[in-house]
$ cat upload_24.txt   # compact mmCIF, C-alpha atoms
# COMPACT_ATOMS: atom_id res chain seq x y z
CA MET A 4 -16.87 -0.75 1.40
CA LEU A 5 -17.47 2.12 -1.00
CA LEU A 6 -14.37 3.92 0.24
CA PHE A 7 -12.32 0.74 -0.16
CA THR A 8 -13.54 0.43 -3.75
CA VAL A 9 -12.76 4.07 -4.54
CA VAL A 10 -9.29 3.79 -2.99
CA SER A 11 -8.58 0.59 -4.92
CA LEU A 12 -9.72 2.10 -8.22
CA CYS A 13 -7.65 5.25 -7.68
CA THR A 14 -4.57 3.17 -6.90
CA ALA A 15 -5.17 0.89 -9.88
CA PHE A 16 -5.42 3.89 -12.19
CA TRP A 17 -2.16 5.33 -10.87
CA ILE A 18 -0.41 1.96 -11.23
CA PHE A 19 -1.56 1.78 -14.85
CA HIS A 20 -0.45 5.38 -15.46
CA THR A 21 2.97 4.75 -13.93
CA HIS A 22 3.42 1.61 -16.02
CA THR A 23 2.61 3.46 -19.25
CA VAL A 24 5.40 5.96 -18.54
CA LEU A 25 7.95 3.27 -19.45
CA GLN A 26 6.35 3.00 -22.88
CA ASN A 27 7.08 6.64 -23.61
CA THR A 28 9.24 7.28 -26.70
CA GLY A 29 11.26 10.10 -25.12
CA SER A 30 14.90 9.89 -24.10
CA PRO A 31 15.58 7.02 -21.66
CA THR A 32 16.90 9.29 -18.90
CA THR A 33 13.79 11.48 -19.06
CA VAL A 34 11.54 8.41 -19.06
CA VAL A 35 13.32 6.96 -16.01
CA ARG A 36 13.16 10.31 -14.19
CA LEU A 37 9.44 10.63 -14.93
CA PHE A 38 8.85 7.02 -13.91
CA ASP A 39 10.67 7.57 -10.60
CA LEU A 40 8.54 10.63 -9.91
CA ASN A 41 5.31 8.73 -10.56
CA ASN A 42 6.52 5.70 -8.63
CA ASP A 43 7.41 7.80 -5.58
CA LEU A 44 4.00 9.41 -5.72
CA LEU A 45 2.43 5.96 -5.94
CA TYR A 46 4.32 4.85 -2.80
CA ASN A 47 2.88 7.87 -1.00
CA ILE A 48 -0.64 7.16 -2.29
CA VAL A 49 -0.50 3.54 -1.12
CA THR A 50 0.90 4.52 2.28
CA ILE A 51 -1.62 7.31 2.93
CA PHE A 52 -4.59 5.23 1.80
CA SER A 53 -3.39 2.30 3.94
CA ILE A 54 -3.25 4.53 7.01
CA ILE A 55 -6.73 5.89 6.27
CA LEU A 56 -8.09 2.37 5.80
CA LEU A 57 -6.45 1.20 9.02
CA LEU A 58 -7.99 4.10 10.95
CA LEU A 59 -11.39 3.36 9.44
CA SER A 60 -11.02 -0.34 10.20
CA ASN A 61 -10.45 0.58 13.86
CA PHE A 62 -13.65 2.61 13.84
CA PHE A 63 -15.70 -0.08 12.11
CA TYR A 64 -14.32 -2.83 14.34
CA TRP A 65 -15.16 -0.77 17.43
CA ARG A 66 -18.74 -0.33 16.21
CA THR A 67 -19.46 -3.76 14.74
CA GLY A 68 -16.91 -6.16 16.23
CA ASN A 69 -16.18 -7.49 12.73
CA GLY A 70 -12.46 -7.85 11.97
CA ILE A 71 -12.83 -8.18 8.19
CA PHE A 72 -11.94 -4.50 7.79
CA PHE A 73 -8.42 -5.16 9.07
CA LEU A 74 -8.06 -7.92 6.51
CA LEU A 75 -9.17 -5.60 3.71
CA CYS A 76 -6.61 -3.02 4.82
CA VAL A 77 -3.80 -5.59 4.74
CA PHE A 78 -4.92 -6.93 1.35
CA TYR A 79 -4.97 -3.42 -0.11
CA PHE A 80 -1.48 -2.66 1.14
CA MET A 81 -0.12 -6.02 -0.01
CA ALA A 82 -1.60 -5.56 -3.48
CA GLY A 83 -0.21 -2.03 -3.68
CA ILE A 84 3.29 -3.04 -2.58
CA ILE A 85 3.38 -6.11 -4.84
CA SER A 86 2.38 -3.96 -7.81
CA LEU A 87 5.07 -1.44 -6.84
CA ALA A 88 7.62 -4.27 -6.75
CA ILE A 89 6.54 -5.31 -10.24
CA LEU A 90 6.92 -1.70 -11.41
CA GLU A 91 10.39 -1.51 -9.85
CA ASN A 92 11.33 -4.71 -11.65
CA ALA A 93 10.07 -3.24 -14.95
CA ARG A 94 12.15 -0.10 -14.31
CA PHE A 95 15.20 -2.25 -13.58
CA TYR A 96 14.90 -4.09 -16.90
CA TYR A 97 14.15 -0.86 -18.77
CA THR A 98 17.33 0.78 -17.46
CA LYS A 99 19.29 -2.40 -18.16
CA GLN A 100 17.95 -2.56 -21.71
CA ASN A 101 18.73 1.11 -22.45
CA GLY A 102 22.24 1.08 -20.96
CA LEU A 103 21.44 3.21 -17.89
CA LEU A 104 22.15 0.53 -15.28
CA HIS A 105 25.67 1.43 -14.07
CA GLY A 106 26.12 -1.82 -12.13
CA LYS A 107 23.14 -1.52 -9.74
CA LEU A 108 20.97 -4.41 -8.69
CA SER A 109 17.21 -4.35 -8.16
CA SER A 110 16.16 -4.74 -4.54
CA GLY A 111 12.44 -4.19 -5.11
CA PHE A 112 11.45 -7.67 -3.96
CA ILE A 113 13.37 -7.44 -0.68
CA VAL A 114 11.98 -3.99 0.11
CA SER A 115 8.45 -5.14 -0.75
CA ALA A 116 8.67 -8.19 1.49
CA TYR A 117 10.03 -6.00 4.29
CA LEU A 118 7.20 -3.45 3.94
CA ILE A 119 4.52 -6.13 3.78
CA GLY A 120 5.94 -7.76 6.90
CA ILE A 121 5.92 -4.46 8.78
CA VAL A 122 2.33 -3.71 7.81
CA ILE A 123 1.13 -7.16 8.82
CA VAL A 124 2.82 -6.83 12.23
CA VAL A 125 1.46 -3.29 12.77
CA THR A 126 -2.05 -4.34 11.75
CA ILE A 127 -2.03 -7.39 14.02
CA LEU A 128 -0.77 -5.31 16.96
CA ASP A 129 -3.39 -2.67 16.22
CA PHE A 130 -6.09 -5.35 16.09
CA PHE A 131 -5.05 -6.80 19.45
CA ILE A 132 -4.95 -3.35 21.06
CA ILE A 133 -8.37 -2.31 19.75
CA ASN A 134 -9.78 -5.75 20.62
CA TYR A 135 -8.50 -5.42 24.21
CA LEU A 136 -9.87 -1.89 24.56
CA ARG A 137 -13.22 -2.92 23.10
CA LYS A 138 -13.56 -5.89 25.47
CA ARG A 139 -12.67 -3.67 28.41
CA ALA A 140 -15.30 -1.13 27.39
CA VAL A 141 -17.93 -3.86 27.02
CA VAL A 142 -17.11 -5.30 30.44
CA LYS A 143 -17.41 -1.88 32.06
CA GLY A 144 -20.80 -1.50 30.43
CA LYS A 145 -19.97 1.55 28.37
CA LYS A 146 -21.91 2.18 25.23
CA ILE A 147 -20.03 0.98 22.19

$ encode --input "upload_24.txt" --output "structure tokens"
Amino acid sequence: MLLFTVVSLCTAFWIFHTHTVLQNTGSPTTVVRLFDLNNDLLYNIVTIFSIILLLLSNFFYWRTGNGIFFLLCVFYFMAGIISLAILENARFYYTKQNGLLHGKLSSGFIVSAYLIGIVIVVTILDFFIINYLRKRAVVKGKKI
């Protein structure tokens, strides 16, 4: 639980930092470039921490048999991706407001829904696999 709290706080800080980039008073192109850099780094942070949490949830489920850790992993990823979608939407309106749009549309919501769907499917499959392996190990009488 401590690791989950630390990961959540680190991600929340980076989300706040990325959001404040749009309030910079520099030139709009520099602000957008800096925002994109921070946003890409935030995607990597959320992805890496989600993988770490999923691996740890496998370990904890194997030891305790409690599936709440999988749920925490999915909630973390969903919160991270939803916040990234909100940041993408803020970037879209910032570029539109400052005349940098060039006819593009924002697809942040579609990409976010797609990523959340993939993570939910992967986590459910992972849960069923680890559950099957754990039951097999218990039946064989191996130490868990």

$ residues_around --input "upload_24.txt" --residues "stretch 33-46 of chain A" --least-positions-apart "4" --cutoff "8 Å" --atoms "all atoms listed in the file" --output "short mmCIF file (atom, residue, chain, number, x, y, z; two decimals) with C-alpha atoms, keeping the file's coordinate frame"
data_model
loop_
_atom_site.label_atom_id
_atom_site.label_comp_id
_atom_site.auth_asym_id
_atom_site.auth_seq_id
_atom_site.Cartn_x
_atom_site.Cartn_y
_atom_site.Cartn_z
CA THR A 14 -4.57 3.17 -6.90
CA TRP A 17 -2.16 5.33 -10.87
CA ILE A 18 -0.41 1.96 -11.23
CA THR A 21 2.97 4.75 -13.93
CA HIS A 22 3.42 1.61 -16.02
CA VAL A 24 5.40 5.96 -18.54
CA LEU A 25 7.95 3.27 -19.45
CA ASN A 27 7.08 6.64 -23.61
CA GLY A 29 11.26 10.10 -25.12
CA THR A 50 0.90 4.52 2.28
CA ILE A 84 3.29 -3.04 -2.58
CA LEU A 87 5.07 -1.44 -6.84
CA LEU A 90 6.92 -1.70 -11.41
CA ARG A 94 12.15 -0.10 -14.31
CA THR A 98 17.33 0.78 -17.46
#

$ closest_residue --input "upload_24.txt" --among "A:Phe73, A:Phe63, A:Tyr79, A:Tyr117" --to "A:Ala15" --atoms "only C-alpha atoms"
A:Tyr79

$ atom_distance --input "upload_24.txt" --atom1 "atom CA of A:Lys143" --atom2 "atom CA of A:Leu74"
27.9 Å

$ residues_near_point --input "upload_24.txt" --point "(10.5, -10.1, -8.0)" --cutoff "12 Å" --atoms "only C-alpha atoms" --output "MDAnalysis selection string"
chainID A and resid 84:96 108:116

$ atom_distance --input "upload_24.txt" --atom1 "atom CA of A:Asn47" --atom2 "atom CA of A:Val125"
17.8 Å

$ decode --input "upload_24.txt" --residues "stretch 45-68 of chain A" --atoms "N, CA and C atoms" --output "PDB file, in the first residue's frame"
ATOM      1  N   LEU A  45       5.037  11.937 -18.877  1.00  0.00           N
ATOM      2  CA  LEU A  45       3.970  11.501 -17.981  1.00  0.00           C
ATOM      3  C   LEU A  45       3.335  10.198 -18.475  1.00  0.00           C
ATOM      4  N   TYR A  46       3.146  10.062 -19.785  1.00  0.00           N
ATOM      5  CA  TYR A  46       2.655   8.789 -20.336  1.00  0.00           C
ATOM      6  C   TYR A  46       3.597   7.653 -19.951  1.00  0.00           C
ATOM      7  N   ASN A  47       4.902   7.884 -20.068  1.00  0.00           N
ATOM      8  CA  ASN A  47       5.868   6.851 -19.714  1.00  0.00           C
ATOM      9  C   ASN A  47       5.826   6.535 -18.221  1.00  0.00           C
ATOM     10  N   ILE A  48       5.686   7.559 -17.393  1.00  0.00           N
ATOM     11  CA  ILE A  48       5.611   7.344 -15.944  1.00  0.00           C
ATOM     12  C   ILE A  48       4.393   6.492 -15.600  1.00  0.00           C
ATOM     13  N   VAL A  49       3.253   6.828 -16.151  1.00  0.00           N
ATOM     14  CA  VAL A  49       2.022   6.075 -15.862  1.00  0.00           C
ATOM     15  C   VAL A  49       2.154   4.638 -16.356  1.00  0.00           C
ATOM     16  N   THR A  50       2.715   4.439 -17.525  1.00  0.00           N
ATOM     17  CA  THR A  50       2.857   3.090 -18.068  1.00  0.00           C
ATOM     18  C   THR A  50       3.821   2.248 -17.235  1.00  0.00           C
ATOM     19  N   ILE A  51       4.972   2.795 -16.904  1.00  0.00           N
ATOM     20  CA  ILE A  51       5.965   2.040 -16.125  1.00  0.00           C
ATOM     21  C   ILE A  51       5.435   1.720 -14.735  1.00  0.00           C
ATOM     22  N   PHE A  52       4.832   2.700 -14.072  1.00  0.00           N
ATOM     23  CA  PHE A  52       4.286   2.441 -12.742  1.00  0.00           C
ATOM     24  C   PHE A  52       3.133   1.444 -12.799  1.00  0.00           C
ATOM     25  N   SER A  53       2.341   1.457 -13.861  1.00  0.00           N
ATOM     26  CA  SER A  53       1.255   0.483 -13.992  1.00  0.00           C
ATOM     27  C   SER A  53       1.806  -0.931 -14.142  1.00  0.00           C
ATOM     28  N   ILE A  54       2.868  -1.076 -14.903  1.00  0.00           N
ATOM     29  CA  ILE A  54       3.480  -2.397 -15.065  1.00  0.00           C
ATOM     30  C   ILE A  54       4.065  -2.876 -13.738  1.00  0.00           C
ATOM     31  N   ILE A  55       4.726  -1.983 -13.015  1.00  0.00           N
ATOM     32  CA  ILE A  55       5.285  -2.348 -11.709  1.00  0.00           C
ATOM     33  C   ILE A  55       4.164  -2.757 -10.748  1.00  0.00           C
ATOM     34  N   LEU A  56       3.087  -1.985 -10.730  1.00  0.00           N
ATOM     35  CA  LEU A  56       1.973  -2.319  -9.843  1.00  0.00           C
ATOM     36  C   LEU A  56       1.310  -3.635 -10.236  1.00  0.00           C
ATOM     37  N   LEU A  57       1.227  -3.912 -11.527  1.00  0.00           N
ATOM     38  CA  LEU A  57       0.642  -5.176 -11.969  1.00  0.00           C
ATOM     39  C   LEU A  57       1.522  -6.352 -11.554  1.00  0.00           C
ATOM     40  N   LEU A  58       2.841  -6.200 -11.697  1.00  0.00           N
ATOM     41  CA  LEU A  58       3.743  -7.264 -11.257  1.00  0.00           C
ATOM     42  C   LEU A  58       3.646  -7.485  -9.744  1.00  0.00           C
ATOM     43  N   LEU A  59       3.584  -6.404  -8.996  1.00  0.00           N
ATOM     44  CA  LEU A  59       3.447  -6.537  -7.547  1.00  0.00           C
ATOM     45  C   LEU A  59       2.090  -7.112  -7.151  1.00  0.00           C
ATOM     46  N   SER A  60       1.053  -6.779  -7.911  1.00  0.00           N
ATOM     47  CA  SER A  60      -0.257  -7.345  -7.597  1.00  0.00           C
ATOM     48  C   SER A  60      -0.264  -8.845  -7.845  1.00  0.00           C
ATOM     49  N   ASN A  61       0.491  -9.323  -8.846  1.00  0.00           N
ATOM     50  CA  ASN A  61       0.631 -10.766  -9.048  1.00  0.00           C
ATOM     51  C   ASN A  61       1.291 -11.410  -7.836  1.00  0.00           C
ATOM     52  N   PHE A  62       2.352 -10.802  -7.366  1.00  0.00           N
ATOM     53  CA  PHE A  62       3.066 -11.334  -6.209  1.00  0.00           C
ATOM     54  C   PHE A  62       2.173 -11.358  -4.970  1.00  0.00           C
ATOM     55  N   PHE A  63       1.496 -10.250  -4.694  1.00  0.00           N
ATOM     56  CA  PHE A  63       0.649 -10.187  -3.502  1.00  0.00           C
ATOM     57  C   PHE A  63      -0.544 -11.130  -3.611  1.00  0.00           C
ATOM     58  N   TYR A  64      -1.107 -11.257  -4.801  1.00  0.00           N
ATOM     59  CA  TYR A  64      -2.225 -12.192  -4.965  1.00  0.00           C
ATOM     60  C   TYR A  64      -1.749 -13.623  -4.751  1.00  0.00           C
ATOM     61  N   TRP A  65      -0.569 -13.955  -5.253  1.00  0.00           N
ATOM     62  CA  TRP A  65      -0.034 -15.297  -5.079  1.00  0.00           C
ATOM     63  C   TRP A  65       0.158 -15.612  -3.593  1.00  0.00           C
ATOM     64  N   ARG A  66       0.615 -14.635  -2.829  1.00  0.00           N
ATOM     65  CA  ARG A  66       0.865 -14.841  -1.404  1.00  0.00           C
ATOM     66  C   ARG A  66      -0.410 -14.820  -0.561  1.00  0.00           C
ATOM     67  N   THR A  67      -1.307 -13.887  -0.835  1.00  0.00           N
ATOM     68  CA  THR A  67      -2.460 -13.704   0.044  1.00  0.00           C
ATOM     69  C   THR A  67      -3.772 -14.235  -0.521  1.00  0.00           C
ATOM     70  N   GLY A  68      -3.895 -14.311  -1.830  1.00  0.00           N
ATOM     71  CA  GLY A  68      -5.159 -14.719  -2.435  1.00  0.00           C
ATOM     72  C   GLY A  68      -6.177 -13.592  -2.506  1.00  0.00           C
TER      73      GLY A  68
END
